Amino acid sequence: MLPYNIPDPSNEAVGPFKECQLPRKQLGASSKSGVTAPAASAEEGPDSVSCQQAINSAQREKQDLAAQWTAATANRNAVAIAERQMRWSVLEFFALIGTLTFAYIAISDGRKHSVAELRAYVSIKDRVLSRLYVGQHARVDFKIFNAGTTPAHNMRYRAALEVFDVPFKGDIKSQFGTPAGEIPPLAVIHPQESHEAEAIQHKPLTAVEWAGICSGAWGLYLVCDVEYDDAFGNSRLTKFCAWIGGPEFAETDASARKAGIPKTDVVWILTADHNTAT
């Protein structure tokens, strides 16, 4: 059904030509006076030329009016259909925007999930202490390990081994002993593989420092920053900081020296700060 229903005027009366529809005048009819009236003229009655022209003209006007009403109805219906289609088009457009938005969110969440599963994860492990003697530069050999499933690219690190108070409350990063102008090493660490690294004490260990380490007032801190790029083009940073010292450490170190072990494996205590990964 069309939206609009305009009345059809085709059944309306023709109009002002009723006299053309009257019965024909009787020829030779008598009047009341008995005198026969003259015959009706050919210009009178429904068969006259004037009546036929009037009727034809009225019929054409009626047909024209009906055609105009039909065209108007078609135009109004076309406008209604166009408005309805436009409303549906707007609704479809916003539905498409919503679908694309949800699809983008799903793809973004999926990509984040994939990155989290497949990215490289770098950590510090297998720390081995050596040369911890008064008058020498202590040394720690350690491994930078990639526990992820994709390579860590452009890996570079800075590491320091220094004696600080326990607990140390300063800016640990500012204590790196890297000489000015030194370029950090660059490497690629493949999944489940390690890169050998080292940290060397910047200045020789003094007797006072050694005594403080054994008592627990001071500690020997290993500080390391590892920067790298993952397979998805993101820059990552792993910060590590731990220390050794105290009576238990002193006892373990004395036993190792007595046994003639050149390198001492000890338990490192992680600090509250400077242990993060991005």
# chains A, B, ... in the order shown; residues from 1 in each chain; ligands from 1

call {"tool": "select_by_dssp", "arguments": {"residues": "region 73-172 of chain A", "states": "strand (DSSP E or B)", "output": "PyMOL selection string"}}
result
chain A and resi 122-130+139-146+152-165

call {"tool": "select_by_dssp", "arguments": {"residues": "region 194-236 of chain A", "states": "helix (DSSP H, G or I)", "output": "ChimeraX atom specification"}}
result
/A:207-215

call {"tool": "write_last_selection", "arguments": {"atoms": "N, CA, C and O atoms", "output": "mmCIF file, in the first residue's frame"}}
result
data_model
loop_
_atom_site.group_PDB
_atom_site.id
_atom_site.type_symbol
_atom_site.label_atom_id
_atom_site.label_comp_id
_atom_site.auth_asym_id
_atom_site.auth_seq_id
_atom_site.Cartn_x
_atom_site.Cartn_y
_atom_site.Cartn_z
ATOM 1 N N ALA A 207 89.122 -1.646 53.069
ATOM 2 C CA ALA A 207 88.925 -2.466 54.270
ATOM 3 C C ALA A 207 87.696 -2.017 55.039
ATOM 4 O O ALA A 207 86.965 -2.842 55.613
ATOM 5 N N VAL A 208 87.458 -0.708 55.080
ATOM 6 C CA VAL A 208 86.275 -0.194 55.784
ATOM 7 C C VAL A 208 84.997 -0.691 55.097
ATOM 8 O O VAL A 208 84.032 -1.102 55.761
ATOM 9 N N GLU A 209 84.979 -0.647 53.771
ATOM 10 C CA GLU A 209 83.815 -1.121 53.039
ATOM 11 C C GLU A 209 83.592 -2.611 53.265
ATOM 12 O O GLU A 209 82.454 -3.064 53.440
ATOM 13 N N TRP A 210 84.673 -3.365 53.250
ATOM 14 C CA TRP A 210 84.539 -4.801 53.473
ATOM 15 C C TRP A 210 83.966 -5.099 54.848
ATOM 16 O O TRP A 210 83.084 -5.955 54.998
ATOM 17 N N ALA A 211 84.429 -4.409 55.852
ATOM 18 C CA ALA A 211 83.902 -4.605 57.206
ATOM 19 C C ALA A 211 82.419 -4.236 57.266
ATOM 20 O O ALA A 211 81.613 -4.920 57.931
ATOM 21 N N GLY A 212 82.044 -3.158 56.596
ATOM 22 C CA GLY A 212 80.635 -2.758 56.589
ATOM 23 C C GLY A 212 79.757 -3.776 55.865
ATOM 24 O O GLY A 212 78.618 -4.028 56.267
ATOM 25 N N ILE A 213 80.285 -4.396 54.795
ATOM 26 C CA ILE A 213 79.529 -5.428 54.083
ATOM 27 C C ILE A 213 79.311 -6.645 54.971
ATOM 28 O O ILE A 213 78.221 -7.213 55.027
ATOM 29 N N CYS A 214 80.344 -7.058 55.679
ATOM 30 C CA CYS A 214 80.232 -8.234 56.545
ATOM 31 C C CYS A 214 79.284 -7.995 57.716
ATOM 32 O O CYS A 214 78.621 -8.934 58.193
ATOM 33 N N SER A 215 79.193 -6.773 58.195
ATOM 34 C CA SER A 215 78.307 -6.479 59.325
ATOM 35 C C SER A 215 76.862 -6.241 58.885
ATOM 36 O O SER A 215 75.935 -6.312 59.690
#

call {"tool": "residues_around", "arguments": {"residues": "region 114-127 of chain A", "least_positions_apart": "5", "cutoff": "7 Å", "atoms": "only C-alpha atoms", "output": "JSON, numbers by chain"}}
result
{"A": [140, 141, 142, 143, 144, 145, 146, 147, 148, 149, 150, 151, 152, 230, 231, 238]}

call {"tool": "residues_around", "arguments": {"residues": "Asn275 (chain A)", "least_positions_apart": "2", "cutoff": "9 Å", "atoms": "only C-alpha atoms", "output": "list in words"}}
result
Thr238, Lys239, Phe240, Cys241, Ala242, Leu270, Thr271, Ala272, Asp273 and Ala277 of chain A

call {"tool": "residues_around", "arguments": {"residues": "region 193-203 of chain A", "least_positions_apart": "2", "cutoff": "9 Å", "atoms": "only C-alpha atoms", "output": "PyMOL selection string"}}
result
chain A and resi 135-147+157-163+176-178+187-191+205-206+222-224

call {"tool": "write_last_selection", "arguments": {"atoms": "N, CA, C and O atoms", "output": "compact mmCIF listing (two decimals), in the first residue's frame"}}
result
# COMPACT_ATOMS: atom_id res chain seq x y z
N GLY A 135 91.24 -4.09 48.13
CA GLY A 135 92.24 -3.61 47.18
C GLY A 135 91.97 -4.04 45.74
O GLY A 135 92.72 -3.65 44.84
N GLN A 136 90.92 -4.84 45.48
CA GLN A 136 90.62 -5.27 44.12
C GLN A 136 89.24 -4.75 43.69
O GLN A 136 88.42 -4.34 44.52
N HIS A 137 89.02 -4.81 42.38
CA HIS A 137 87.73 -4.43 41.82
C HIS A 137 86.85 -5.68 41.75
O HIS A 137 87.12 -6.60 40.96
N ALA A 138 85.83 -5.74 42.59
CA ALA A 138 84.94 -6.90 42.58
C ALA A 138 84.25 -7.02 41.21
O ALA A 138 84.09 -6.04 40.47
N ARG A 139 83.86 -8.24 40.89
CA ARG A 139 83.27 -8.51 39.58
C ARG A 139 82.10 -9.46 39.74
O ARG A 139 82.13 -10.39 40.54
N VAL A 140 81.04 -9.22 38.91
CA VAL A 140 79.89 -10.12 38.84
C VAL A 140 79.65 -10.46 37.37
O VAL A 140 79.47 -9.56 36.54
N ASP A 141 79.67 -11.73 37.06
CA ASP A 141 79.29 -12.21 35.73
C ASP A 141 77.83 -12.68 35.80
O ASP A 141 77.46 -13.42 36.71
N PHE A 142 77.05 -12.26 34.84
CA PHE A 142 75.63 -12.64 34.85
C PHE A 142 75.16 -12.83 33.41
O PHE A 142 75.88 -12.55 32.44
N LYS A 143 73.92 -13.29 33.28
CA LYS A 143 73.33 -13.54 31.98
C LYS A 143 72.06 -12.70 31.81
O LYS A 143 71.26 -12.58 32.75
N ILE A 144 71.92 -12.14 30.62
CA ILE A 144 70.69 -11.45 30.24
C ILE A 144 69.87 -12.45 29.43
O ILE A 144 70.25 -12.80 28.31
N PHE A 145 68.79 -12.92 29.99
CA PHE A 145 68.05 -14.06 29.44
C PHE A 145 66.73 -13.59 28.82
O PHE A 145 66.00 -12.77 29.40
N ASN A 146 66.44 -14.13 27.62
CA ASN A 146 65.17 -13.84 26.94
C ASN A 146 64.22 -15.02 27.16
O ASN A 146 64.38 -16.08 26.57
N ALA A 147 63.21 -14.80 28.01
CA ALA A 147 62.24 -15.85 28.31
C ALA A 147 61.04 -15.83 27.38
O ALA A 147 60.12 -16.65 27.55
N TYR A 157 73.00 -2.75 27.44
CA TYR A 157 72.84 -2.71 28.89
C TYR A 157 73.93 -1.86 29.51
O TYR A 157 74.99 -1.63 28.94
N ARG A 158 73.63 -1.40 30.71
CA ARG A 158 74.61 -0.72 31.56
C ARG A 158 74.53 -1.36 32.93
O ARG A 158 73.44 -1.58 33.46
N ALA A 159 75.68 -1.67 33.52
CA ALA A 159 75.70 -2.34 34.81
C ALA A 159 76.78 -1.73 35.69
O ALA A 159 77.81 -1.25 35.20
N ALA A 160 76.53 -1.74 37.00
CA ALA A 160 77.49 -1.20 37.96
C ALA A 160 77.51 -2.09 39.19
O ALA A 160 76.52 -2.74 39.53
N LEU A 161 78.64 -2.11 39.85
CA LEU A 161 78.83 -2.87 41.09
C LEU A 161 79.48 -1.91 42.08
O LEU A 161 80.66 -1.57 41.95
N GLU A 162 78.71 -1.45 43.08
CA GLU A 162 79.19 -0.43 44.01
C GLU A 162 78.73 -0.73 45.42
O GLU A 162 77.76 -1.47 45.64
N VAL A 163 79.44 -0.15 46.42
CA VAL A 163 79.10 -0.31 47.84
C VAL A 163 78.27 0.90 48.27
O VAL A 163 78.69 2.04 48.13
N PHE A 176 76.00 4.53 38.12
CA PHE A 176 76.63 3.68 37.13
C PHE A 176 78.07 4.12 36.91
O PHE A 176 78.37 5.32 36.79
N GLY A 177 78.95 3.13 36.83
CA GLY A 177 80.37 3.44 36.66
C GLY A 177 80.84 3.37 35.22
O GLY A 177 82.03 3.19 34.99
N THR A 178 79.91 3.49 34.27
CA THR A 178 80.31 3.41 32.87
C THR A 178 81.15 4.63 32.50
O THR A 178 80.73 5.76 32.73
N ALA A 187 73.21 -6.27 20.78
CA ALA A 187 73.13 -7.70 20.48
C ALA A 187 71.69 -8.08 20.23
O ALA A 187 70.75 -7.33 20.53
N VAL A 188 71.49 -9.27 19.65
CA VAL A 188 70.18 -9.88 19.48
C VAL A 188 70.13 -11.12 20.36
O VAL A 188 71.01 -11.99 20.26
N ILE A 189 69.13 -11.19 21.21
CA ILE A 189 68.97 -12.36 22.07
C ILE A 189 67.77 -13.15 21.56
O ILE A 189 66.64 -12.68 21.61
N HIS A 190 68.02 -14.33 21.08
CA HIS A 190 66.95 -15.17 20.55
C HIS A 190 66.16 -15.81 21.69
O HIS A 190 66.63 -15.85 22.84
N PRO A 191 64.97 -16.29 21.41
CA PRO A 191 64.14 -16.89 22.47
C PRO A 191 64.85 -18.01 23.21
O PRO A 191 65.53 -18.85 22.60
N LEU A 205 87.92 -2.12 46.37
CA LEU A 205 87.24 -2.30 47.64
C LEU A 205 88.18 -1.94 48.78
O LEU A 205 89.34 -2.38 48.83
N THR A 206 87.71 -1.13 49.75
CA THR A 206 88.54 -0.74 50.91
C THR A 206 88.23 -1.65 52.08
O THR A 206 87.20 -2.35 52.12
N LEU A 222 74.48 -4.67 42.91
CA LEU A 222 74.55 -4.88 41.46
C LEU A 222 73.35 -4.17 40.84
O LEU A 222 72.20 -4.47 41.15
N VAL A 223 73.65 -3.20 39.98
CA VAL A 223 72.60 -2.40 39.32
C VAL A 223 72.74 -2.60 37.82
O VAL A 223 73.85 -2.53 37.29
N CYS A 224 71.60 -2.83 37.15
CA CYS A 224 71.66 -3.08 35.71
C CYS A 224 70.39 -2.57 35.04
O CYS A 224 69.28 -2.79 35.53

call {"tool": "closest_residue", "arguments": {"among": "A:Arg60, A:Arg84, A:Arg76, A:Arg156", "to": "Asp229 (chain A)", "atoms": "only C-alpha atoms"}}
result
A:Arg156

call {"tool": "atom_distance", "arguments": {"atom1": "CA of Asp165 (chain A)", "atom2": "CA of Gly246 (chain A)"}}
result
11.9 Å
